[in-house]
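J.: Below is the file model-v5.txt, with compact mmCIF, C-alpha atoms.
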# COMPACT_ATOMS: atom_id res chain seq x y z
CA MET Q 1 0.00 0.00 0.00
CA GLN Q 2 1.23 3.45 -0.87
CA ILE Q 3 1.21 6.68 1.07
CA LYS Q 4 -1.67 9.02 0.16
CA SER Q 5 0.55 11.93 -0.92
CA VAL Q 6 2.44 9.71 -3.38
CA LEU Q 7 -0.81 8.21 -4.67
CA ARG Q 8 -2.32 11.67 -5.07
CA LYS Q 9 0.55 12.77 -7.35
CA GLU Q 10 0.37 9.57 -9.41
CA LEU Q 11 -3.41 9.79 -9.78
CA LEU Q 12 -3.33 13.44 -10.81
CA ALA Q 13 -0.71 12.64 -13.48
CA ALA Q 14 -2.67 9.60 -14.72
CA ARG Q 15 -5.89 11.64 -15.02
CA LYS Q 16 -4.27 14.02 -17.48
CA LEU Q 17 -3.56 11.09 -19.81
CA VAL Q 18 -7.21 10.05 -20.19
CA PRO Q 19 -8.51 11.22 -23.58
CA GLU Q 20 -11.43 13.65 -23.48
CA GLU Q 21 -13.68 11.32 -25.49
CA LYS Q 22 -13.09 8.43 -23.07
CA ARG Q 23 -13.70 10.66 -20.03
CA ARG Q 24 -17.01 11.83 -21.52
CA GLU Q 25 -18.09 8.26 -22.35
CA LEU Q 26 -17.24 6.96 -18.85
CA SER Q 27 -18.86 10.02 -17.25
CA VAL Q 28 -22.15 9.29 -19.02
CA LYS Q 29 -22.02 5.67 -17.82
CA ALA Q 30 -21.30 6.74 -14.22
CA ALA Q 31 -24.14 9.29 -14.33
CA GLU Q 32 -26.61 6.70 -15.65
CA THR Q 33 -25.56 4.35 -12.85
CA LEU Q 34 -26.09 7.14 -10.31
CA PHE Q 35 -29.55 7.91 -11.71
CA SER Q 36 -30.53 4.25 -11.23
CA THR Q 37 -29.84 4.26 -7.47
CA GLU Q 38 -32.81 4.44 -5.11
CA GLU Q 39 -30.98 7.10 -3.10
CA PHE Q 40 -30.83 9.45 -6.11
CA LYS Q 41 -34.41 8.68 -7.16
CA ARG Q 42 -35.83 9.40 -3.70
CA ALA Q 43 -33.73 12.43 -2.80
CA ASP Q 44 -35.38 15.85 -2.77
CA ARG Q 45 -31.98 17.53 -2.46
CA ILE Q 46 -28.82 16.74 -4.42
CA PHE Q 47 -25.54 18.34 -3.39
CA CYS Q 48 -23.13 17.94 -6.28
CA TYR Q 49 -19.59 19.13 -6.91
CA ILE Q 50 -18.87 20.89 -10.19
CA ASN Q 51 -16.12 18.97 -11.91
CA LYS Q 52 -12.61 20.09 -12.70
CA GLU Q 53 -11.36 19.22 -16.19
CA GLU Q 54 -10.08 15.74 -15.42
CA GLU Q 55 -12.95 14.63 -13.15
CA ILE Q 56 -16.17 12.87 -14.01
CA TYR Q 57 -18.37 15.46 -15.71
CA THR Q 58 -21.17 16.53 -13.38
CA LEU Q 59 -23.09 19.26 -15.19
CA GLY Q 60 -25.25 16.56 -16.80
CA ILE Q 61 -26.03 15.22 -13.33
CA VAL Q 62 -26.92 18.73 -12.15
CA SER Q 63 -29.16 19.32 -15.18
CA ARG Q 64 -30.93 15.99 -14.81
CA ALA Q 65 -31.57 16.52 -11.10
CA ILE Q 66 -32.98 20.00 -11.75
CA SER Q 67 -35.19 18.67 -14.57
CA LEU Q 68 -36.55 16.08 -12.13
CA GLY Q 69 -37.59 18.86 -9.74
CA LYS Q 70 -34.87 18.23 -7.16
CA LYS Q 71 -33.25 21.07 -5.27
CA VAL Q 72 -29.62 21.13 -6.36
CA ALA Q 73 -26.74 22.75 -4.50
CA ALA Q 74 -23.07 23.16 -5.37
CA PRO Q 75 -20.17 23.67 -2.96
CA LEU Q 76 -18.53 26.96 -2.11
CA CYS Q 77 -15.18 26.85 -0.29
CA SER Q 78 -14.29 29.75 1.96
CA GLY Q 79 -12.03 30.12 4.97
CA GLY Q 80 -11.28 26.41 5.22
CA GLU Q 81 -14.96 25.46 5.24
CA MET Q 82 -17.31 24.26 2.55
CA ILE Q 83 -20.95 25.22 2.33
CA PHE Q 84 -23.50 24.30 -0.32
CA LYS Q 85 -25.69 26.85 -2.09
CA TYR Q 86 -28.71 26.20 -4.25
CA ILE Q 87 -28.35 26.65 -7.99
CA THR Q 88 -30.88 26.48 -10.81
CA GLY Q 89 -28.38 25.78 -13.59
CA GLU Q 90 -25.00 26.69 -15.07
CA ASN Q 91 -25.84 30.41 -15.09
CA ASP Q 92 -25.65 30.40 -11.30
CA LEU Q 93 -21.96 29.38 -11.39
CA GLU Q 94 -18.72 31.34 -11.68
CA LYS Q 95 -15.03 30.44 -11.41
CA GLY Q 96 -13.93 30.56 -7.80
CA VAL Q 97 -11.34 29.11 -5.44
CA PHE Q 98 -8.97 26.54 -6.99
CA SER Q 99 -10.38 27.55 -10.45
CA VAL Q 100 -13.48 25.49 -9.73
CA TYR Q 101 -16.95 26.74 -10.63
CA GLU Q 102 -18.91 27.75 -7.54
CA PRO Q 103 -22.33 29.28 -6.84
CA LYS Q 104 -22.56 33.03 -7.40
CA SER Q 105 -22.97 35.32 -4.38
CA TYR Q 106 -26.74 35.69 -4.79
CA CYS Q 107 -27.34 31.92 -4.37
CA HIS Q 108 -28.93 30.92 -1.07
CA GLY Q 109 -27.48 28.46 1.42
CA ALA Q 110 -28.80 24.91 1.28
CA GLU Q 111 -30.16 22.95 4.23
CA VAL Q 112 -28.71 19.51 4.88
CA SER Q 113 -30.89 16.63 6.05
CA PRO Q 114 -30.17 12.92 6.53
CA ASP Q 115 -31.78 12.12 3.15
CA THR Q 116 -29.80 14.77 1.23
CA VAL Q 117 -27.56 13.07 -1.34
CA CYS Q 118 -24.06 14.52 -1.44
CA ILE Q 119 -22.18 13.48 -4.58
CA THR Q 120 -18.54 13.47 -3.57
CA PRO Q 121 -15.46 13.79 -5.81
CA ALA Q 122 -12.20 11.93 -5.34
CA LEU Q 123 -9.04 10.96 -7.11
CA CYS Q 124 -9.78 7.42 -5.93
CA TYR Q 125 -11.71 5.36 -3.40
CA ASN Q 126 -10.91 2.14 -1.61
CA ARG Q 127 -13.50 -0.63 -1.16
CA GLN Q 128 -14.26 0.58 2.36
CA GLY Q 129 -15.50 3.92 0.99
CA TYR Q 130 -12.52 6.07 1.95
CA ARG Q 131 -11.28 8.60 -0.56
CA ILE Q 132 -8.18 10.40 -1.61
CA GLY Q 133 -9.13 13.92 -2.55
CA TYR Q 134 -6.99 16.94 -3.16
CA GLY Q 135 -5.67 17.08 0.40
CA LYS Q 136 -7.58 20.11 1.69
CA GLY Q 137 -10.06 18.16 3.87
CA PHE Q 138 -13.18 20.14 2.86
CA TYR Q 139 -15.44 17.10 2.48
CA ASP Q 140 -14.16 15.38 5.64
CA ARG Q 141 -14.92 18.52 7.68
CA PHE Q 142 -18.33 18.86 6.02
CA PHE Q 143 -19.23 15.21 6.75
CA GLU Q 144 -18.04 15.59 10.35
CA LYS Q 145 -20.72 18.26 10.91
CA ASN Q 146 -23.51 17.11 8.57
CA GLU Q 147 -25.45 13.88 8.26
CA CYS Q 148 -26.39 13.00 4.69
CA VAL Q 149 -26.20 10.18 2.13
CA LYS Q 150 -22.62 10.28 0.87
CA ILE Q 151 -22.20 8.97 -2.68
CA GLY Q 152 -18.67 8.80 -4.04
CA LEU Q 153 -18.28 9.21 -7.78
CA CYS Q 154 -15.24 7.90 -9.63
CA PHE Q 155 -14.07 5.84 -12.57
CA GLU Q 156 -13.92 2.08 -11.95
CA GLU Q 157 -10.16 2.10 -12.54
CA ASN Q 158 -9.82 4.44 -9.55
CA ILE Q 159 -10.99 1.92 -6.97
CA ILE Q 160 -7.67 1.01 -5.39
CA ASP Q 161 -6.21 -0.28 -2.13
CA PHE Q 162 -4.86 2.24 0.39
CA ASN Q 163 -5.07 2.96 4.11
CA PRO Q 164 -7.16 5.95 5.18
CA SER Q 165 -5.76 8.64 7.45
CA ASN Q 166 -7.15 9.67 10.83
CA GLY Q 167 -10.10 11.97 10.35
CA ASP Q 168 -11.05 10.56 6.94
CA LYS Q 169 -14.78 9.99 6.48
CA ALA Q 170 -16.04 7.13 4.33
CA VAL Q 171 -18.85 7.49 1.82
CA ASP Q 172 -21.92 5.26 2.04
CA ILE Q 173 -21.95 4.26 -1.64
CA ILE Q 174 -19.47 4.42 -4.50
CA VAL Q 175 -20.82 4.85 -8.04
CA THR Q 176 -18.56 4.16 -11.02
CA ASP Q 177 -18.92 3.73 -14.75
CA LYS Q 178 -19.31 -0.03 -14.11
CA GLY Q 179 -21.55 -0.25 -11.07
CA VAL Q 180 -22.45 0.52 -7.48
CA TYR Q 181 -20.52 -0.46 -4.34
CA ARG Q 182 -22.64 -0.29 -1.21
CA ILE Q 183 -20.41 0.38 1.78
CA LYS Q 184 -23.06 1.11 4.36
CA SER Q 185 -26.56 -0.30 4.47
CA LEU Q 186 -28.97 2.60 4.17
CA ILE Q 187 -32.57 2.44 5.31
CA LEU Q 188 -34.73 3.79 2.50
Rewrite the structure from the file as structure tokens, please.
T.:
Amino acid sequence: MQIKSVLRKELLAARKLVPEEKRRELSVKAAETLFSTEEFKRADRIFCYINKEEEIYTLGIVSRAISLGKKVAAPLCSGGEMIFKYITGENDLEKGVFSVYEPKSYCHGAEVSPDTVCITPALCYNRQGYRIGYGKGFYDRFFEKNECVKIGLCFEENIIDFNPSNGDKAVDIIVTDKGVYRIKSLIL
């Protein structure tokens, strides 16, 4: 097993080698898998990250959730904390911290409830639901304070073996372009 910082560098480099066409194809498959989960179908609120270039594309997920009448919120990082704000589409987003699209200032804060689905990015996950992110700890701190349904989203090839660090929070479900891994049994 490798140390997280070494893995992070390797995974970031490997992501840049994935052709755009393949990333789009796998992103569509992962999104369709997500849409088929009972957790997504039943959720009134979807909290979803807005992807960076090399991540699974999420704007299609956001659009689909909005078209289904779900309240959709995107993260805003400020002062070491992450909050989610409601959006109604791409027009509510602007480039923010870390060159990631975030909700504009006029967007209202979103309420978190135990049935809120939080779609969580990662460079990779292990089979126990732990993730390697970008090393800033935003999602771990958010999950420490908020109870919700945590769904990790990644490419199948990014399910790998590693040991989590202290303070890491596992997701409940991992969704990939090939299927669903249920980590925690959720009562629906």
J.: Neighbouring residues of stretch 53-66 of chain Q were defined as those with any atom within 10 Å, considering only C-alpha atoms; residues of the same chain fewer than 3 positions away were excluded. Please report them as a ChimeraX atom specification.
T.: /Q:12,14-20,23-28,30-32,34-35,40-41,43-50,69-74,87-90,100,119,121-123,153-155,176-177
J.: Between Q:Phe142, Q:Tyr134, Q:Tyr86, Q:Tyr181, which has the minimum distance to Q:Ala110 (counting only C-alpha atoms)?
T.: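 Nearest candidate to Q:Ala110 out of Q:Phe142, Q:Tyr134, Q:Tyr86, Q:Tyr181: Q:Tyr86.
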J.: Would you kindly return, as an mmCIF file with C-alpha atoms, in the frame of the given file, each protein, DNA or RNA residue with an atom no farther than 10 Å from any atom of Q:Val171, considering all atoms listed in the file and excluding same-chain residues fewer than 5 positions away?
T.:
data_model
loop_
_atom_site.group_PDB
_atom_site.id
_atom_site.type_symbol
_atom_site.label_atom_id
_atom_site.label_comp_id
_atom_site.auth_asym_id
_atom_site.auth_seq_id
_atom_site.Cartn_x
_atom_site.Cartn_y
_atom_site.Cartn_z
ATOM 1 C CA CYS Q 118 -24.060 14.520 -1.440
ATOM 2 C CA ILE Q 119 -22.180 13.480 -4.580
ATOM 3 C CA THR Q 120 -18.540 13.470 -3.570
ATOM 4 C CA TYR Q 125 -11.710 5.360 -3.400
ATOM 5 C CA GLN Q 128 -14.260 0.580 2.360
ATOM 6 C CA GLY Q 129 -15.500 3.920 0.990
ATOM 7 C CA TYR Q 130 -12.520 6.070 1.950
ATOM 8 C CA ARG Q 131 -11.280 8.600 -0.560
ATOM 9 C CA ASP Q 140 -14.160 15.380 5.640
ATOM 10 C CA PHE Q 143 -19.230 15.210 6.750
ATOM 11 C CA CYS Q 148 -26.390 13.000 4.690
ATOM 12 C CA VAL Q 149 -26.200 10.180 2.130
ATOM 13 C CA LYS Q 150 -22.620 10.280 0.870
ATOM 14 C CA ILE Q 151 -22.200 8.970 -2.680
ATOM 15 C CA GLY Q 152 -18.670 8.800 -4.040
ATOM 16 C CA LEU Q 153 -18.280 9.210 -7.780
ATOM 17 C CA ARG Q 182 -22.640 -0.290 -1.210
ATOM 18 C CA ILE Q 183 -20.410 0.380 1.780
ATOM 19 C CA LYS Q 184 -23.060 1.110 4.360
#
J.: Just checking: using only C-alpha atoms, which residue out of Q:Lys104, Q:Glu156, Q:Ala170, Q:Asp161 ends up closest to Q:Lys29?
T.: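 Checking each candidate against Q:Lys29, we get Q:Glu156 as the closest.
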J.: Which residues of stretch 56-133 of chain Q come within 8 Å of stretch 2-11 of chain Q, and what is each one's closest atom pair and distance in Å (one decimal), counting all atoms listed in the file, sorted by chain and residue number, as CSV?
T.:
residue,atom,partner,partner_atom,distance
Q:Leu123,CA,Q:Leu11,CA,6.3
Q:Cys124,CA,Q:Leu11,CA,7.8
Q:Ile132,CA,Q:Lys4,CA,6.9
Q:Gly133,CA,Q:Arg8,CA,7.6
J.: Determine the nearest neighbour of Q:Glu147 from the options Q:Ile159, Q:Ser165, Q:Ile173, Q:Glu111, counting only C-alpha atoms.
T.: Q:Glu111
J.: By how many Å are atom CA of Q:Asn126 and atom CA of Q:Ile160 apart?
T.: 5.1 Å
J.: Counting only C-alpha atoms, which residues sit no farther than 12 Å from the position (-14.4, 29.9, 0.0) in the file's frame? I'd like them as a PDB file with C-alpha atoms, in the coordinates of the input.
T.:
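The resulting part16.pdb:
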ATOM      1  CA  PRO Q  75     -20.170  23.670  -2.960  1.00  0.00           C
ATOM      2  CA  LEU Q  76     -18.530  26.960  -2.110  1.00  0.00           C
ATOM      3  CA  CYS Q  77     -15.180  26.850  -0.290  1.00  0.00           C
ATOM      4  CA  SER Q  78     -14.290  29.750   1.960  1.00  0.00           C
ATOM      5  CA  GLY Q  79     -12.030  30.120   4.970  1.00  0.00           C
ATOM      6  CA  GLY Q  80     -11.280  26.410   5.220  1.00  0.00           C
ATOM      7  CA  GLU Q  81     -14.960  25.460   5.240  1.00  0.00           C
ATOM      8  CA  MET Q  82     -17.310  24.260   2.550  1.00  0.00           C
ATOM      9  CA  ILE Q  83     -20.950  25.220   2.330  1.00  0.00           C
ATOM     10  CA  PHE Q  84     -23.500  24.300  -0.320  1.00  0.00           C
ATOM     11  CA  LYS Q  85     -25.690  26.850  -2.090  1.00  0.00           C
ATOM     12  CA  LYS Q  95     -15.030  30.440 -11.410  1.00  0.00           C
ATOM     13  CA  GLY Q  96     -13.930  30.560  -7.800  1.00  0.00           C
ATOM     14  CA  VAL Q  97     -11.340  29.110  -5.440  1.00  0.00           C
ATOM     15  CA  PHE Q  98      -8.970  26.540  -6.990  1.00  0.00           C
ATOM     16  CA  SER Q  99     -10.380  27.550 -10.450  1.00  0.00           C
ATOM     17  CA  VAL Q 100     -13.480  25.490  -9.730  1.00  0.00           C
ATOM     18  CA  TYR Q 101     -16.950  26.740 -10.630  1.00  0.00           C
ATOM     19  CA  GLU Q 102     -18.910  27.750  -7.540  1.00  0.00           C
ATOM     20  CA  PRO Q 103     -22.330  29.280  -6.840  1.00  0.00           C
ATOM     21  CA  LYS Q 104     -22.560  33.030  -7.400  1.00  0.00           C
ATOM     22  CA  SER Q 105     -22.970  35.320  -4.380  1.00  0.00           C
ATOM     23  CA  PHE Q 138     -13.180  20.140   2.860  1.00  0.00           C
TER      24      PHE Q 138
END
J.: Would you compute the distance between atom CA of Q:Val180 and atom CA of Q:Asp168? Give it in Å to one decimal.
T.: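 For atom CA of Q:Val180 relative to atom CA of Q:Asp168, the distance reads 20.9 Å.
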J.: In Å, how far is it from atom CA of Q:Asn163 to atom CA of Q:Arg127?
T.: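 Going from atom CA of Q:Asn163 over to atom CA of Q:Arg127 covers 10.6 Å.
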J.: Name the closest residue to Q:Tyr139 among the candidates Q:Pro114, Q:Gly109, Q:Gly167, Q:Gly179; distances are taken between atoms, counting all atoms listed in the file.
T.: Q:Gly167
J.: Could you give me stretch 143-177 of chain Q completed to N, CA and C atoms, formatted as a compact mmCIF listing (two decimals), in the coordinates of the input?
T.:
# COMPACT_ATOMS: atom_id res chain seq x y z
N PHE Q 143 -18.56 16.44 6.30
CA PHE Q 143 -19.23 15.21 6.75
C PHE Q 143 -19.16 15.06 8.27
N GLU Q 144 -18.15 15.62 8.89
CA GLU Q 144 -18.04 15.59 10.35
C GLU Q 144 -19.21 16.33 10.99
N LYS Q 145 -19.68 17.39 10.34
CA LYS Q 145 -20.72 18.26 10.91
C LYS Q 145 -22.11 18.00 10.35
N ASN Q 146 -22.22 17.26 9.25
CA ASN Q 146 -23.51 17.11 8.57
C ASN Q 146 -23.81 15.66 8.24
N GLU Q 147 -25.01 15.24 8.59
CA GLU Q 147 -25.45 13.88 8.26
C GLU Q 147 -26.20 13.93 6.93
N CYS Q 148 -25.76 13.08 6.00
CA CYS Q 148 -26.39 13.00 4.69
C CYS Q 148 -25.99 11.67 4.04
N VAL Q 149 -26.57 11.37 2.89
CA VAL Q 149 -26.20 10.18 2.13
C VAL Q 149 -24.99 10.55 1.27
N LYS Q 150 -23.87 9.94 1.55
CA LYS Q 150 -22.62 10.28 0.87
C LYS Q 150 -22.39 9.29 -0.28
N ILE Q 151 -22.43 9.81 -1.51
CA ILE Q 151 -22.20 8.97 -2.68
C ILE Q 151 -20.91 9.42 -3.35
N GLY Q 152 -19.93 8.53 -3.36
CA GLY Q 152 -18.67 8.80 -4.04
C GLY Q 152 -18.81 8.52 -5.52
N LEU Q 153 -18.21 9.35 -6.33
CA LEU Q 153 -18.28 9.21 -7.78
C LEU Q 153 -16.87 9.13 -8.32
N CYS Q 154 -16.57 8.04 -9.04
CA CYS Q 154 -15.24 7.90 -9.63
C CYS Q 154 -15.27 6.88 -10.76
N PHE Q 155 -14.20 6.85 -11.53
CA PHE Q 155 -14.07 5.84 -12.57
C PHE Q 155 -13.70 4.51 -11.92
N GLU Q 156 -14.18 3.43 -12.49
CA GLU Q 156 -13.92 2.08 -11.95
C GLU Q 156 -12.42 1.84 -11.73
N GLU Q 157 -11.60 2.32 -12.65
CA GLU Q 157 -10.16 2.10 -12.54
C GLU Q 157 -9.55 2.82 -11.34
N ASN Q 158 -10.32 3.71 -10.71
CA ASN Q 158 -9.82 4.44 -9.55
C ASN Q 158 -10.33 3.90 -8.22
N ILE Q 159 -10.74 2.63 -8.22
CA ILE Q 159 -10.99 1.92 -6.97
C ILE Q 159 -9.70 1.15 -6.68
N ILE Q 160 -8.97 1.60 -5.67
CA ILE Q 160 -7.67 1.01 -5.39
C ILE Q 160 -7.50 0.78 -3.88
N ASP Q 161 -6.47 0.06 -3.52
CA ASP Q 161 -6.21 -0.28 -2.13
C ASP Q 161 -5.28 0.76 -1.50
N PHE Q 162 -5.70 1.34 -0.39
CA PHE Q 162 -4.86 2.24 0.39
C PHE Q 162 -5.44 2.34 1.79
N ASN Q 163 -4.62 2.78 2.73
CA ASN Q 163 -5.07 2.96 4.11
C ASN Q 163 -5.52 4.40 4.32
N PRO Q 164 -6.71 4.59 4.91
CA PRO Q 164 -7.16 5.95 5.18
C PRO Q 164 -6.35 6.59 6.30
N SER Q 165 -6.41 7.90 6.38
CA SER Q 165 -5.76 8.64 7.45
C SER Q 165 -6.76 8.90 8.57
N ASN Q 166 -6.26 9.26 9.74
CA ASN Q 166 -7.15 9.67 10.83
C ASN Q 166 -7.96 10.86 10.37
N GLY Q 167 -9.23 10.86 10.72
CA GLY Q 167 -10.10 11.97 10.35
C GLY Q 167 -10.79 11.80 9.01
N ASP Q 168 -10.38 10.80 8.21
CA ASP Q 168 -11.05 10.56 6.94
C ASP Q 168 -12.45 10.01 7.19
N LYS Q 169 -13.39 10.45 6.39
CA LYS Q 169 -14.78 9.99 6.48
C LYS Q 169 -15.10 9.17 5.24
N ALA Q 170 -15.67 8.01 5.45
CA ALA Q 170 -16.04 7.13 4.33
C ALA Q 170 -17.38 7.54 3.75
N VAL Q 171 -17.55 7.30 2.45
CA VAL Q 171 -18.85 7.49 1.82
C VAL Q 171 -19.69 6.25 2.07
N ASP Q 172 -20.99 6.37 1.83
CA ASP Q 172 -21.92 5.26 2.04
C ASP Q 172 -21.99 4.35 0.81
N ILE Q 173 -21.81 4.95 -0.35
CA ILE Q 173 -21.95 4.26 -1.64
C ILE Q 173 -20.90 4.82 -2.58
N ILE Q 174 -20.34 3.96 -3.42
CA ILE Q 174 -19.47 4.42 -4.50
C ILE Q 174 -20.16 4.07 -5.81
N VAL Q 175 -20.25 5.05 -6.71
CA VAL Q 175 -20.82 4.85 -8.04
C VAL Q 175 -19.70 5.04 -9.05
N THR Q 176 -19.57 4.07 -9.96
CA THR Q 176 -18.56 4.16 -11.02
C THR Q 176 -19.23 3.97 -12.37
N ASP Q 177 -18.42 3.98 -13.40
CA ASP Q 177 -18.92 3.73 -14.75
C ASP Q 177 -19.31 2.27 -14.95
